[in-house]
Every structure is written in C-alpha cells, then in structure tokens.
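A.B. asks: Please find entry.pdb (PDB, C-alpha atoms) on the next line:
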```pdb
MODEL        1
ATOM      1  CA  MET E 221     202.016  78.831  80.541
ATOM      2  CA  ALA E 222     199.050  76.624  81.499
ATOM      3  CA  LYS E 223     196.620  79.233  80.156
ATOM      4  CA  GLU E 224     198.449  79.289  76.802
ATOM      5  CA  LYS E 225     198.256  75.489  76.526
ATOM      6  CA  GLY E 226     194.520  75.645  77.194
ATOM      7  CA  SER E 227     194.197  78.298  74.525
ATOM      8  CA  PHE E 228     196.225  76.164  72.136
ATOM      9  CA  LYS E 229     193.916  73.218  72.792
ATOM     10  CA  GLU E 230     190.884  75.406  72.046
ATOM     11  CA  PHE E 231     192.576  76.744  68.917
ATOM     12  CA  LEU E 232     193.548  73.234  67.810
ATOM     13  CA  SER E 233     190.005  71.945  68.318
ATOM     14  CA  ALA E 234     188.809  74.591  65.823
ATOM     15  CA  ILE E 235     191.143  73.168  63.149
ATOM     16  CA  ALA E 236     189.693  70.502  60.840
ATOM     17  CA  PRO E 237     190.457  67.064  62.359
ATOM     18  CA  GLU E 238     192.505  65.971  59.332
ATOM     19  CA  HIS E 239     194.937  68.880  59.886
ATOM     20  CA  GLN E 240     195.230  68.866  63.685
ATOM     21  CA  ALA E 241     198.264  66.545  63.851
ATOM     22  CA  PHE E 242     200.137  68.665  61.310
ATOM     23  CA  VAL E 243     199.329  71.953  63.099
ATOM     24  CA  GLU E 244     200.381  70.444  66.431
ATOM     25  CA  LYS E 245     203.654  69.135  64.953
ATOM     26  CA  LEU E 246     204.454  72.497  63.339
ATOM     27  CA  ASN E 247     203.582  74.269  66.604
ATOM     28  CA  THR E 248     206.083  72.092  68.479
ATOM     29  CA  LYS E 249     208.766  72.702  65.849
ATOM     30  CA  LEU E 250     208.290  76.496  65.914
ATOM     31  CA  ILE E 251     208.280  76.630  69.735
ATOM     32  CA  GLU E 252     211.479  74.529  69.772
ATOM     33  CA  GLN E 253     213.047  77.027  67.347
ATOM     34  CA  GLY E 254     212.388  79.839  69.820
ATOM     35  CA  CYS E 255     209.084  81.247  68.581
ATOM     36  CA  ASP E 256     206.468  82.525  71.006
ATOM     37  CA  LEU E 257     202.833  81.614  70.361
ATOM     38  CA  VAL E 258     200.144  84.273  70.790
ATOM     39  CA  ILE E 259     196.517  83.158  70.398
ATOM     40  CA  LYS E 260     193.617  85.594  70.139
ATOM     41  CA  GLU E 261     189.945  85.131  69.457
ATOM     42  CA  ALA E 262     188.733  86.744  66.236
ATOM     43  CA  LYS E 263     185.395  87.117  64.446
ATOM     44  CA  SER E 264     185.886  84.004  62.370
ATOM     45  CA  GLY E 265     187.587  81.836  65.002
ATOM     46  CA  TYR E 266     191.111  82.361  66.262
ATOM     47  CA  THR E 267     194.352  83.868  65.119
ATOM     48  CA  ALA E 268     197.482  82.116  66.251
ATOM     49  CA  SER E 269     200.687  84.079  65.717
ATOM     50  CA  TYR E 270     204.226  82.797  65.988
ATOM     51  CA  GLN E 271     206.711  85.503  66.920
ATOM     52  CA  LEU E 272     210.486  85.577  67.031
ATOM     53  CA  GLU E 273     211.932  88.509  68.982
ATOM     54  CA  LYS E 274     208.416  90.048  69.053
ATOM     55  CA  LYS E 275     208.182  90.090  65.224
ATOM     56  CA  THR E 276     205.518  87.860  63.704
ATOM     57  CA  VAL E 277     206.780  85.082  61.449
ATOM     58  CA  MET E 278     203.445  83.394  60.732
ATOM     59  CA  ASN E 279     199.714  83.503  61.549
ATOM     60  CA  TRP E 280     197.019  80.878  61.290
ATOM     61  CA  VAL E 281     193.923  82.735  60.093
ATOM     62  CA  PHE E 282     190.375  81.341  60.049
ATOM     63  CA  ARG E 283     188.130  82.105  57.080
ATOM     64  CA  LYS E 284     184.817  80.616  55.934
ATOM     65  CA  THR E 285     186.721  78.553  53.350
ATOM     66  CA  GLY E 286     189.169  77.110  55.876
ATOM     67  CA  VAL E 287     192.346  77.871  57.795
ATOM     68  CA  PHE E 288     195.057  79.866  56.066
ATOM     69  CA  ALA E 289     198.736  80.241  56.858
ATOM     70  CA  ARG E 290     200.032  83.784  56.459
ATOM     71  CA  ILE E 291     203.814  83.656  56.403
ATOM     72  CA  TYR E 292     205.669  86.948  56.716
ATOM     73  CA  GLY E 293     208.450  86.168  54.260
ATOM     74  CA  ASP E 294     210.630  89.175  55.007
ATOM     75  CA  ASN E 295     213.708  87.164  53.959
ATOM     76  CA  ALA E 296     212.188  85.252  51.023
ATOM     77  CA  GLY E 297     215.144  86.163  48.829
ATOM     78  CA  LYS E 298     217.317  83.946  51.038
ATOM     79  CA  TYR E 299     215.327  80.760  50.459
ATOM     80  CA  GLU E 300     214.346  81.061  46.806
ATOM     81  CA  ASP E 301     215.233  77.376  46.345
ATOM     82  CA  ILE E 302     212.310  76.430  48.601
ATOM     83  CA  ILE E 303     209.980  78.822  46.741
ATOM     84  CA  ALA E 304     211.135  77.295  43.435
ATOM     85  CA  SER E 305     210.301  73.810  44.758
ATOM     86  CA  LEU E 306     206.687  74.734  45.610
ATOM     87  CA  PRO E 307     203.885  73.205  43.548
ATOM     88  CA  ALA E 308     202.828  75.344  40.581
ATOM     89  CA  ASP E 309     199.543  76.436  42.210
ATOM     90  CA  MET E 310     201.346  77.752  45.306
ATOM     91  CA  GLN E 311     203.897  79.554  43.126
ATOM     92  CA  LYS E 312     201.036  81.087  41.145
ATOM     93  CA  LYS E 313     199.313  82.196  44.362
ATOM     94  CA  MET E 314     202.515  84.003  45.336
ATOM     95  CA  THR E 315     203.255  85.583  41.961
ATOM     96  CA  THR E 316     199.667  86.774  41.403
ATOM     97  CA  SER E 317     199.281  88.200  44.915
ATOM     98  CA  ARG E 318     199.314  91.964  45.505
ATOM     99  CA  ASP E 319     202.503  93.824  44.775
ATOM    100  CA  CYS E 320     204.007  95.829  47.621
ATOM    101  CA  LYS E 321     203.187  99.471  46.912
ATOM    102  CA  ARG E 322     205.915 100.688  49.230
ATOM    103  CA  LEU E 323     208.676  98.686  47.514
ATOM    104  CA  ILE E 324     207.614 100.251  44.216
ATOM    105  CA  ASP E 325     207.068 103.787  45.595
ATOM    106  CA  PRO E 326     208.225 104.492  49.190
ATOM    107  CA  ASN E 327     205.424 107.080  49.621
ATOM    108  CA  ALA E 328     202.612 104.902  48.277
ATOM    109  CA  CYS E 329     201.589 102.962  51.378
ATOM    110  CA  SER E 330     200.822 103.693  55.013
ATOM    111  CA  ASP E 331     203.563 105.149  57.209
ATOM    112  CA  THR E 332     203.199 102.123  59.462
ATOM    113  CA  CYS E 333     203.825  99.668  56.602
ATOM    114  CA  VAL E 334     207.037  97.736  57.184
ATOM    115  CA  LYS E 335     207.342  96.845  53.480
ATOM    116  CA  GLY E 336     206.890  93.582  51.710
ATOM    117  CA  PHE E 337     209.466  91.125  50.452
ATOM    118  CA  VAL E 338     211.422  90.511  47.279
ATOM    119  CA  TYR E 339     212.270  87.183  45.680
ATOM    120  CA  ALA E 340     213.153  85.817  42.256
ATOM    121  CA  LEU E 341     211.318  82.933  40.618
ATOM    122  CA  ASN E 342     211.843  81.612  37.097
ATOM    123  CA  GLY E 343     214.037  84.593  36.244
ATOM    124  CA  ASP E 344     211.470  87.200  37.343
ATOM    125  CA  THR E 345     211.809  89.438  40.397
ATOM    126  CA  HIS E 346     208.685  89.775  42.531
ATOM    127  CA  LYS E 347     207.986  92.515  45.096
ATOM    128  CA  LYS E 348     205.070  91.306  47.191
ATOM    129  CA  CYS E 349     202.949  92.652  50.038
ATOM    130  CA  ARG E 350     203.886  90.938  53.288
ATOM    131  CA  ASN E 351     200.192  90.450  54.195
ATOM    132  CA  ASP E 352     199.242  88.684  50.973
ATOM    133  CA  GLY E 353     202.432  87.349  49.382
ATOM    134  CA  MET E 354     202.502  84.046  51.274
ATOM    135  CA  PHE E 355     198.890  83.351  52.201
ATOM    136  CA  PHE E 356     197.979  79.703  51.689
ATOM    137  CA  LEU E 357     194.926  77.591  52.459
ATOM    138  CA  LEU E 358     195.931  74.657  54.659
ATOM    139  CA  THR E 359     195.300  71.436  52.720
ATOM    140  CA  ASN E 360     196.924  68.018  52.617
ATOM    141  CA  GLU E 361     198.815  69.230  49.532
ATOM    142  CA  THR E 362     200.062  72.533  50.996
ATOM    143  CA  ALA E 363     200.834  71.491  54.579
ATOM    144  CA  GLU E 364     204.456  70.350  54.260
ATOM    145  CA  HIS E 365     205.272  73.249  51.915
ATOM    146  CA  ILE E 366     203.884  75.709  54.472
ATOM    147  CA  ALA E 367     206.096  74.105  57.117
ATOM    148  CA  ARG E 368     209.195  74.349  54.914
ATOM    149  CA  LEU E 369     208.545  78.026  54.135
ATOM    150  CA  VAL E 370     207.924  79.124  57.714
ATOM    151  CA  CYS E 371     210.872  77.131  59.070
ATOM    152  CA  ALA E 372     213.129  78.655  56.399
ATOM    153  CA  GLU E 373     211.992  82.152  57.438
ATOM    154  CA  VAL E 374     212.613  81.354  61.114
ATOM    155  CA  ASN E 375     216.089  79.989  60.357
ATOM    156  CA  VAL E 376     217.088  83.110  58.412
ATOM    157  CA  ARG E 377     215.782  85.403  61.147
ATOM    158  CA  LYS E 378     217.566  83.402  63.858
ATOM    159  CA  SER E 379     220.878  83.553  61.969
ATOM    160  CA  ALA E 380     220.560  87.360  61.895
ATOM    161  CA  LEU E 381     220.188  87.650  65.699
TER     162      LEU E 381
ENDMDL
END
```
Using the file provided, produce a representation of the structure as structure tokens.
C.D. replies:
Amino acid sequence: MAKEKGSFKEFLSAIAPEHQAFVEKLNTKLIEQGCDLVIKEAKSGYTASYQLEKKTVMNWVFRKTGVFARIYGDNAGKYEDIIASLPADMQKKMTTSRDCKRLIDPNACSDTCVKGFVYALNGDTHKKCRNDGMFFLLTNETAEHIARLVCAEVNVRKSAL
C-alpha cells in the first residue's frame, strides 16, 4: 500500500496545481466507494485507473493539452438525468464523439471490444464508443461534472454486484 501512495503522490504532482485538490478529493471518494487505484507510467505522463471488481470505471489520461478524464459509462442509460444536467459543451462533446461500431453492427469492431454505451439526451438515442464517449478535459468548469458522472457509474455498478 505504501508504494501505491508514493505513486499517487507522483501522479498528483504531475497534475496542474489548480486541480490537485479536486483530483485528491475524487480519489478519496472513489477509494471509499470500493474502487482500486492502478497507476502506470505512460509516454505522456501517467495513467491512473479506478477499477471496481477489476473493471475500469475511469482513467486520468495525460495529453499535451492537459489531463483528461475517460469515464467508462457502461450504464449511462441509468443516469441520464446527470447527463442532461451537464453544460452544453460537455453534452456536445458526448453527442459528437465516435459512435460505437459494435452497437450498430455486432461484427464491425474488434472481437475484444466490450461494446460502448447507450443513453438518451433531448429525445435522441446515442450509441457511443466507450473509449471516446465520455472523455473530458479537466478544467474548473468540468471538474464537478466529471465527479458526478463517475460516481453515478460507480453507484450503478455497485448496485449490480
């Protein structure tokens, strides 16, 4: 456990100072909800993955433009109210992201693809790729919305256990 905390400190130090308190608070919340944290070094910094029952719920991903949250919204259809409450730019990012090929044609994607997610927003049904459908740059404006989305996903997954 001590090694993981050291890794978390290194990971956290790579986050922009203005976002460190938020990332630390969300980390604590996800750990308290039963998620395991796995940190790995990557080309552009670190990847920090939160897993529930060995299935990833969310990653922090470093890019040149900043740190992104990739939320694996497998159960997005069960928290459409939270998606509907997102700011317009985050909703647009979701609706304009890649469609899930496998949800449209089961033979269209890789055999290892676990499929994307489906949700309704403003009367339209969206079938999105799980790698791109909820991929948000961490900013002061997106932070709390990211937290609400990932916690909603964790809560749905936990209720299914």
A.B. asks: Take atom CA of E:Glu244 and atom CA of E:Ile303 and report the distance between them in Å, one decimal.
C.D. replies: 23.5 Å
A.B. asks: Take every atom of stretch 291-301 of chain E listed in the file, fit an axis-aligned box around them, add 6 Å per side, and give the centre and edge lengths in Å to one decimal as AutoDock Vina command-line options.
C.D. replies:
```
--center_x 210.6 --center_y 83.3 --center_z 51.5 --size_x 25.5 --size_y 23.8 --size_z 22.4
```
A.B. asks: To verify the selection step, state as number ranges by chain which residues the PyMOL selection byres ((chain E and resi 270-273) around 7) yields on this input.
C.D. replies: E: 254-258, 268-269, 274-279
A.B. asks: Using all atoms listed in the file, determine which residues lie at most 12 Å from E:Ala236, disregarding the query and same-chain residues fewer than 6 positions distant; provide the list as number ranges by chain.
C.D. replies: E: 242-243, 282, 285-288, 358-360
A.B. asks: Out of E:Asn351, E:Glu252, E:Asp309, E:Ala363, which residue has the shortest atom-to-atom distance to E:Cys333 when counting only C-alpha atoms?
C.D. replies: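 Result for the nearest residue to E:Cys333: E:Asn351.
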A.B. asks: I would like the residues chosen by the PyMOL selection byres ((chain E and resi 368-374) around 7) on the shown file; could you give them as a PyMOL selection string?
C.D. replies: chain E and resi 277-278+291+293+295+299+302+364-367+375-378
A.B. asks: Can you work out the spacing between atom CA of E:Arg290 and atom CA of E:Gln253 in Å, to one decimal?
C.D. replies: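 Interatomic distance here is 18.3 Å.
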A.B. asks: Which value, in Å to one decimal, gives the distance between atom CA of E:His346 and atom CA of E:Thr267?
C.D. replies: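 Those two atoms sit 27.4 Å apart.
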A.B. asks: Quick one: residues within 9 Å of stretch 262-265 of chain E, only C-alpha atoms counted, chain neighbours fewer than 4 positions away excluded, as a JSON list (two decimals) with C-alpha atoms, keeping the file's coordinate frame?
C.D. replies:
```json
[["chain", "number", "residue", "atom", "x", "y", "z"],
["E", 231, "PHE", "CA", 192.58, 76.74, 68.92],
["E", 234, "ALA", "CA", 188.81, 74.59, 65.82],
["E", 281, "VAL", "CA", 193.92, 82.74, 60.09],
["E", 282, "PHE", "CA", 190.38, 81.34, 60.05],
["E", 283, "ARG", "CA", 188.13, 82.10, 57.08],
["E", 284, "LYS", "CA", 184.82, 80.62, 55.93]]
```
A.B. asks: Which residues come within 8 Å of E:Met310, counting only C-alpha atoms, excluding same-chain residues fewer than 4 positions away, as an MDAnalysis selection string?
C.D. replies: chainID E and resid 306 314 356 362
A.B. asks: Of the candidates E:Thr345, E:Met354, E:Ala296, E:Ile324, which shows the shortest atom-to-atom distance to E:Gln311, using all atoms listed in the file?
C.D. replies: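 Of the candidates, the smallest distance to E:Gln311 is held by E:Met354.
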A.B. asks: Specify as a PyMOL selection string each residue included when the PyMOL selection byres ((chain E and resi 335) around 12) is applied to this file.
C.D. replies: chain E and resi 292-295+319-334+336-338+347-353
